[in-house]
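**Student:** Next up, run_38.cif (mmCIF, C-alpha atoms).
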data_upload
#
loop_
_atom_site.label_atom_id
_atom_site.label_comp_id
_atom_site.auth_asym_id
_atom_site.auth_seq_id
_atom_site.Cartn_x
_atom_site.Cartn_y
_atom_site.Cartn_z
CA MET A 2 106.91 98.99 88.19
CA ASN A 3 105.89 96.42 90.80
CA ASN A 4 102.62 95.25 89.30
CA ILE A 5 99.84 94.13 91.61
CA PHE A 6 98.10 90.88 90.75
CA LEU A 7 95.20 90.87 93.14
CA GLY A 8 92.87 88.35 94.66
CA ILE A 9 89.71 89.82 96.20
CA VAL A 10 87.64 87.99 98.81
CA GLU A 11 84.43 89.94 99.44
CA ASP A 12 80.95 88.55 99.97
CA ASP A 13 79.08 91.80 99.29
CA PRO A 14 78.52 91.66 95.50
CA TRP A 15 78.14 95.44 95.16
CA ILE A 16 81.44 96.12 96.92
CA ALA A 17 83.22 93.35 95.03
CA LYS A 18 82.00 94.64 91.66
CA ASN A 19 82.77 98.24 92.58
CA LEU A 20 86.32 97.35 93.58
CA GLU A 21 87.01 95.37 90.43
CA SER A 22 85.50 98.04 88.15
CA PHE A 23 87.67 100.72 89.74
CA PHE A 24 90.83 98.63 89.66
CA GLU A 25 90.37 97.95 85.94
CA SER A 26 91.31 101.57 85.31
CA CYS A 27 94.41 101.45 87.54
CA GLU A 28 97.70 101.03 85.77
CA GLY A 29 99.82 98.19 87.05
CA LEU A 30 96.94 96.47 88.87
CA GLU A 31 95.09 93.41 87.66
CA VAL A 32 92.34 91.52 89.49
CA ILE A 33 93.04 87.82 89.02
CA VAL A 34 90.41 86.35 91.33
CA ASN A 35 87.28 87.94 92.77
CA THR A 36 85.42 85.54 95.01
CA ASN A 37 82.90 85.71 97.82
CA SER A 38 84.37 83.12 100.19
CA MET A 39 87.71 82.25 101.69
CA GLU A 40 87.18 78.57 100.87
CA GLN A 41 86.81 79.33 97.15
CA PHE A 42 89.82 81.63 97.17
CA LEU A 43 91.97 78.96 98.81
CA ASP A 44 90.79 76.43 96.21
CA GLU A 45 91.73 78.71 93.33
CA LEU A 46 94.99 80.08 94.75
CA PRO A 47 97.25 77.12 93.83
CA GLN A 48 96.27 77.55 90.16
CA GLN A 49 96.84 81.32 90.19
CA ALA A 50 100.60 81.65 90.65
CA SER A 51 100.61 85.29 89.53
CA ILE A 52 98.63 86.53 92.56
CA ASN A 53 100.92 88.55 94.82
CA MET A 54 98.37 90.33 97.00
CA ALA A 55 95.05 89.46 98.64
CA LEU A 56 92.41 92.00 99.63
CA ILE A 57 90.11 90.23 102.03
CA ASP A 58 87.07 90.96 104.16
CA ILE A 59 86.78 89.61 107.71
CA GLY A 60 83.06 88.87 108.01
CA LEU A 61 82.67 86.16 105.38
CA PRO A 62 80.29 83.20 105.13
CA GLY A 63 82.04 80.11 106.39
CA MET A 64 85.71 80.73 107.12
CA SER A 65 86.40 84.30 108.25
CA GLY A 66 89.08 86.48 106.74
CA ILE A 67 91.13 86.28 109.93
CA GLU A 68 90.92 82.48 109.93
CA GLY A 69 91.97 82.52 106.31
CA ILE A 70 95.19 84.50 106.80
CA PRO A 71 97.32 81.55 108.00
CA LYS A 72 95.70 79.31 105.37
CA ILE A 73 96.83 81.69 102.63
CA GLN A 74 100.31 81.84 104.12
CA GLU A 75 100.55 78.05 104.18
CA LEU A 76 99.97 78.01 100.44
CA ARG A 77 101.85 81.17 99.49
CA GLU A 78 104.19 82.91 101.91
CA ASP A 79 104.94 85.62 99.34
CA ILE A 80 101.41 87.05 99.19
CA ASP A 81 100.78 90.37 100.93
CA ILE A 82 97.50 90.24 102.83
CA VAL A 83 95.41 93.40 103.16
CA ILE A 84 92.24 93.53 105.25
CA LEU A 85 89.30 95.57 103.99
CA SER A 86 86.59 95.39 106.61
CA ALA A 87 83.72 97.14 108.32
CA HIS A 88 85.00 95.67 111.59
CA GLU A 89 87.05 98.29 113.41
CA GLU A 90 87.22 96.73 116.87
CA LYS A 91 90.69 96.67 118.41
CA ASP A 92 90.65 92.90 118.91
CA LYS A 93 89.90 92.31 115.22
CA ILE A 94 92.62 94.76 114.14
CA PHE A 95 95.32 93.30 116.37
CA THR A 96 94.38 89.70 115.63
CA ALA A 97 94.58 90.30 111.89
CA LEU A 98 97.92 92.09 112.14
CA CYS A 99 99.36 89.47 114.49
CA LYS A 100 98.36 86.68 112.13
CA GLY A 101 100.17 88.32 109.24
CA ALA A 102 98.10 91.02 107.56
CA VAL A 103 100.32 93.91 106.46
CA ALA A 104 97.55 96.49 106.13
CA TYR A 105 94.10 97.13 107.57
CA LEU A 106 91.60 99.33 105.75
CA SER A 107 88.16 100.48 106.73
CA LYS A 108 85.36 99.88 104.24
CA ARG A 109 84.60 103.56 104.64
CA SER A 110 87.80 104.29 102.71
CA GLU A 111 87.57 105.91 99.28
CA LEU A 112 88.45 103.70 96.31
CA GLN A 113 91.49 105.82 95.50
CA GLN A 114 92.66 105.51 99.09
CA ILE A 115 92.38 101.73 98.85
CA HIS A 116 94.39 101.76 95.63
CA ASP A 117 97.05 103.99 97.21
CA ALA A 118 97.27 101.60 100.16
CA LEU A 119 97.74 98.60 97.87
CA ARG A 120 100.50 100.43 96.04
CA ILE A 121 102.26 101.28 99.33
CA VAL A 122 102.06 97.64 100.39
CA ARG A 123 103.39 96.42 97.05
CA GLU A 124 106.35 98.74 97.42
CA GLY A 125 107.23 97.15 100.73
CA GLY A 126 105.29 99.31 103.16
CA SER A 127 102.33 98.85 105.43
CA TYR A 128 99.14 100.85 105.69
CA MET A 129 96.23 101.50 108.01
CA SER A 130 93.25 103.78 107.45
CA PRO A 131 93.59 106.91 109.62
CA ASP A 132 90.75 105.86 111.92
CA ILE A 133 92.25 102.39 112.26
CA ALA A 134 95.72 103.82 112.90
CA ARG A 135 94.31 106.05 115.63
CA LYS A 136 92.89 103.03 117.46
CA VAL A 137 96.29 101.35 117.31
CA VAL A 138 98.09 104.47 118.53
CA ASP A 139 95.59 104.99 121.34
CA HIS A 140 96.21 101.43 122.47
CA PHE A 141 99.94 101.99 122.88
CA VAL A 142 99.98 105.56 124.14
CA VAL A 143 100.93 105.71 127.80
CA LYS A 144 98.05 107.57 129.33
CA LYS A 145 98.17 109.51 132.55
CA PRO A 146 96.89 107.21 135.29
CA PRO A 147 93.39 108.35 136.27
CA GLN A 148 94.23 107.87 139.95
CA ALA A 149 96.79 110.68 139.76
CA GLU A 150 94.08 113.04 138.55
CA GLN A 151 92.01 112.30 141.67
CA LEU A 152 94.59 113.81 143.99
CA THR A 153 94.82 117.50 144.79
CA PRO A 154 98.16 119.30 144.40
CA ARG A 155 98.56 119.30 148.20
CA GLN A 156 97.90 115.57 148.41
CA LYS A 157 100.49 114.93 145.73
CA GLU A 158 103.01 116.97 147.72
CA ILE A 159 102.32 114.88 150.80
CA VAL A 160 102.69 111.65 148.81
CA GLU A 161 106.09 112.87 147.58
CA GLY A 162 107.06 113.58 151.17
CA LEU A 163 106.20 110.05 152.21
CA VAL A 164 108.12 108.60 149.27
CA ASN A 165 111.13 110.67 150.34
CA GLY A 166 110.97 109.17 153.81
CA LEU A 167 109.63 112.20 155.67
CA SER A 168 107.54 111.81 158.81
CA TYR A 169 104.12 113.42 159.16
CA LYS A 170 105.71 116.10 161.36
CA MET A 171 108.47 116.83 158.83
CA ILE A 172 105.92 117.05 156.00
CA ALA A 173 103.81 119.43 158.06
CA GLN A 174 106.81 121.65 158.74
CA GLU A 175 107.93 121.63 155.11
CA LEU A 176 104.45 122.54 153.83
CA ASN A 177 103.68 124.90 156.72
CA ILE A 178 100.53 123.04 157.73
CA SER A 179 99.52 121.14 160.87
CA VAL A 180 100.18 117.46 161.44
CA GLU A 181 96.43 116.90 161.70
CA THR A 182 96.00 118.43 158.26
CA VAL A 183 98.64 116.05 156.94
CA ARG A 184 96.80 113.11 158.51
CA ASP A 185 93.50 114.27 157.03
CA HIS A 186 95.00 114.53 153.54
CA ILE A 187 96.57 111.08 153.87
CA LYS A 188 93.23 109.52 154.91
CA LYS A 189 91.52 111.08 151.89
CA THR A 190 94.38 109.92 149.66
CA TYR A 191 94.00 106.36 150.95
CA ARG A 192 90.28 106.41 150.13
CA LYS A 193 90.81 107.83 146.65
CA LEU A 194 93.50 105.32 145.77
CA GLN A 195 91.87 102.44 147.63
CA VAL A 196 94.95 101.60 149.69
CA ASN A 197 95.25 100.76 153.35
CA SER A 198 98.82 101.58 154.27
CA LYS A 199 101.72 103.92 153.63
CA GLY A 200 103.59 101.02 152.05
CA GLU A 201 100.86 100.49 149.44
CA LEU A 202 100.76 104.20 148.76
CA ILE A 203 104.52 104.39 148.22
CA ARG A 204 104.46 101.30 145.98
CA LYS A 205 101.79 102.84 143.74
CA ARG A 206 103.85 106.00 143.46
CA LEU A 207 107.05 104.11 142.63
CA ASP A 208 105.19 101.95 140.09
CA GLY A 209 103.99 105.11 138.33
CA GLU A 210 100.33 104.53 139.16
CA ILE A 211 100.03 107.96 140.78
#
Could you take the file, read its structure, and then write that structure out as structure tokens?
**Tutor:**
Amino acid sequence: MNNIFLGIVEDDPWIAKNLESFFESCEGLEVIVNTNSMEQFLDELPQQASINMALIDIGLPGMSGIEGIPKIQELREDIDIVILSAHEEKDKIFTALCKGAVAYLSKRSELQQIHDALRIVREGGSYMSPDIARKVVDHFVVKKPPQAEQLTPRQKEIVEGLVNGLSYKMIAQELNISVETVRDHIKKTYRKLQVNSKGELIRKRLDGEI
């Protein structure tokens, strides 16, 4: 079994004690250091060669958990860094992951869930709490441009006609409407998309903005 020798950095004494008490009953997991500041953890780390994982908070007195990630890596590149934080803002999540954290857990997670995450990390994986993972997924999902939703089906048909090089008259004939109706739709489309020319309109369509 890949045993976990853990260093905890948590300034809330109740959370720190609760974590350590729970982990005492977990097979293959030993808490080596449990400290309330990143500075103290960094001081103790060189003397604790057995530590192979760090569970750290972000909002700490003095040096933050995020600031501490590269400091830990300078001392020990082999340590897996797991964030356990009440901060669930996207910028905090991405900054921590970019700096080298391999997992990000919400403090709303159950103790067993935290243990399971540590085990996954120790076995070579990565982990994010479901609510954290959703924020990450939402960030990368290609969402339908809101501008496209502003246009009516008829206006979208006219835009496609323009992209295909059709004149107003040809579009009118193809859609069985008057040229004036085509012009009216185009004026409304310009206003909705905040463009001033057919060229801008076509560019937005080709760029996938509408």
**Student:** Applied to this file, what does the PyMOL selection byres ((chain A and resi 104) around 10) return in terms of residues, put as a short mmCIF file (atom, residue, chain, number, x, y, z; two decimals) with C-alpha atoms, in the coordinates of the input?
**Tutor:**
data_model
loop_
_atom_site.label_atom_id
_atom_site.label_comp_id
_atom_site.auth_asym_id
_atom_site.auth_seq_id
_atom_site.Cartn_x
_atom_site.Cartn_y
_atom_site.Cartn_z
CA LEU A 56 92.41 92.00 99.63
CA ASP A 81 100.78 90.37 100.93
CA ILE A 82 97.50 90.24 102.83
CA VAL A 83 95.41 93.40 103.16
CA ILE A 84 92.24 93.53 105.25
CA LEU A 85 89.30 95.57 103.99
CA ILE A 94 92.62 94.76 114.14
CA ALA A 97 94.58 90.30 111.89
CA LEU A 98 97.92 92.09 112.14
CA GLY A 101 100.17 88.32 109.24
CA ALA A 102 98.10 91.02 107.56
CA VAL A 103 100.32 93.91 106.46
CA TYR A 105 94.10 97.13 107.57
CA LEU A 106 91.60 99.33 105.75
CA ALA A 118 97.27 101.60 100.16
CA LEU A 119 97.74 98.60 97.87
CA ILE A 121 102.26 101.28 99.33
CA VAL A 122 102.06 97.64 100.39
CA GLY A 126 105.29 99.31 103.16
CA SER A 127 102.33 98.85 105.43
CA TYR A 128 99.14 100.85 105.69
CA MET A 129 96.23 101.50 108.01
CA SER A 130 93.25 103.78 107.45
#
**Student:** Using Å and a single decimal, report how far atom CA of A:Lys136 sits from atom CA of A:Asn35.
**Tutor:**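 Distance between the two atoms: 29.5 Å.
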**Student:** Pull out every residue that the PyMOL selection byres ((chain A and resi 194) around 12) matches in the shown coordinates and put them as a ChimeraX atom specification.
**Tutor:** /A:146-152,156-157,160,187-193,195-199,201-206,210-211
**Student:** For the structure shown, which residues end up in the PyMOL selection byres ((chain A and resi 41-50) around 8)? Put them as a PyMOL selection string, please?
**Tutor:** chain A and resi 8+10+33-34+36-40+51-52+72-73+76
**Student:** Counting all atoms listed in the file, figure out which residue out of A:Pro71, A:Asp117, A:Arg77, A:Asn53 gets nearest to A:Lys100.
**Tutor:** A:Pro71
**Student:** In Å, rounded to a single decimal, give me how far atom CA of A:Met64 is from atom CA of A:Val138.
**Tutor:**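 Interatomic distance, atom CA of A:Val138 to atom CA of A:Met64: 29.1 Å.
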**Student:** Restricting the calculation to all atoms listed in the file, which member of A:Glu161, A:His186, A:Arg120, A:Gln113 is positioned closest to A:Asn19?
**Tutor:**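 Comparing A:Glu161, A:His186, A:Arg120, A:Gln113 against A:Asn19, the winner is A:Gln113.
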**Student:** A:Glu90, A:Leu112, A:Tyr169, A:Met54: which is nearest A:Glu78, counting all atoms listed in the file?
**Tutor:** A:Met54
**Student:** Calculated over only C-alpha atoms, which of the candidates A:Gln74, A:Asp79, A:Asp13, A:Lys91 has the smallest distance to A:Pro62?
**Tutor:** A:Asp13
**Student:** Between atom CA of A:Ile9 and atom CA of A:Val32, what is the distance in Å, rounded to a tenth?
**Tutor:** 7.4 Å
**Student:** My list of candidates is A:Arg135, A:His140, A:Ser107, A:Ala173. Which is closest to A:Asp92 when distances are computed with only C-alpha atoms?
**Tutor:**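 Checking each candidate against A:Asp92, we get A:His140 as the closest.
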**Student:** Nearest to A:Asn4: which of A:Ile57, A:Leu176, A:Glu124, A:Gly66 is it, counting only C-alpha atoms?
**Tutor:** A:Glu124
**Student:** Once 5 Å is added on each side, what centre and edge lengths in Å to one decimal does the axis-aligned box around all listed atoms of stretch 193-205 of chain A have, as AutoDock Vina command-line options?
**Tutor:**
--center_x 97.7 --center_y 104.2 --center_z 149.0 --size_x 23.7 --size_y 17.3 --size_z 20.5
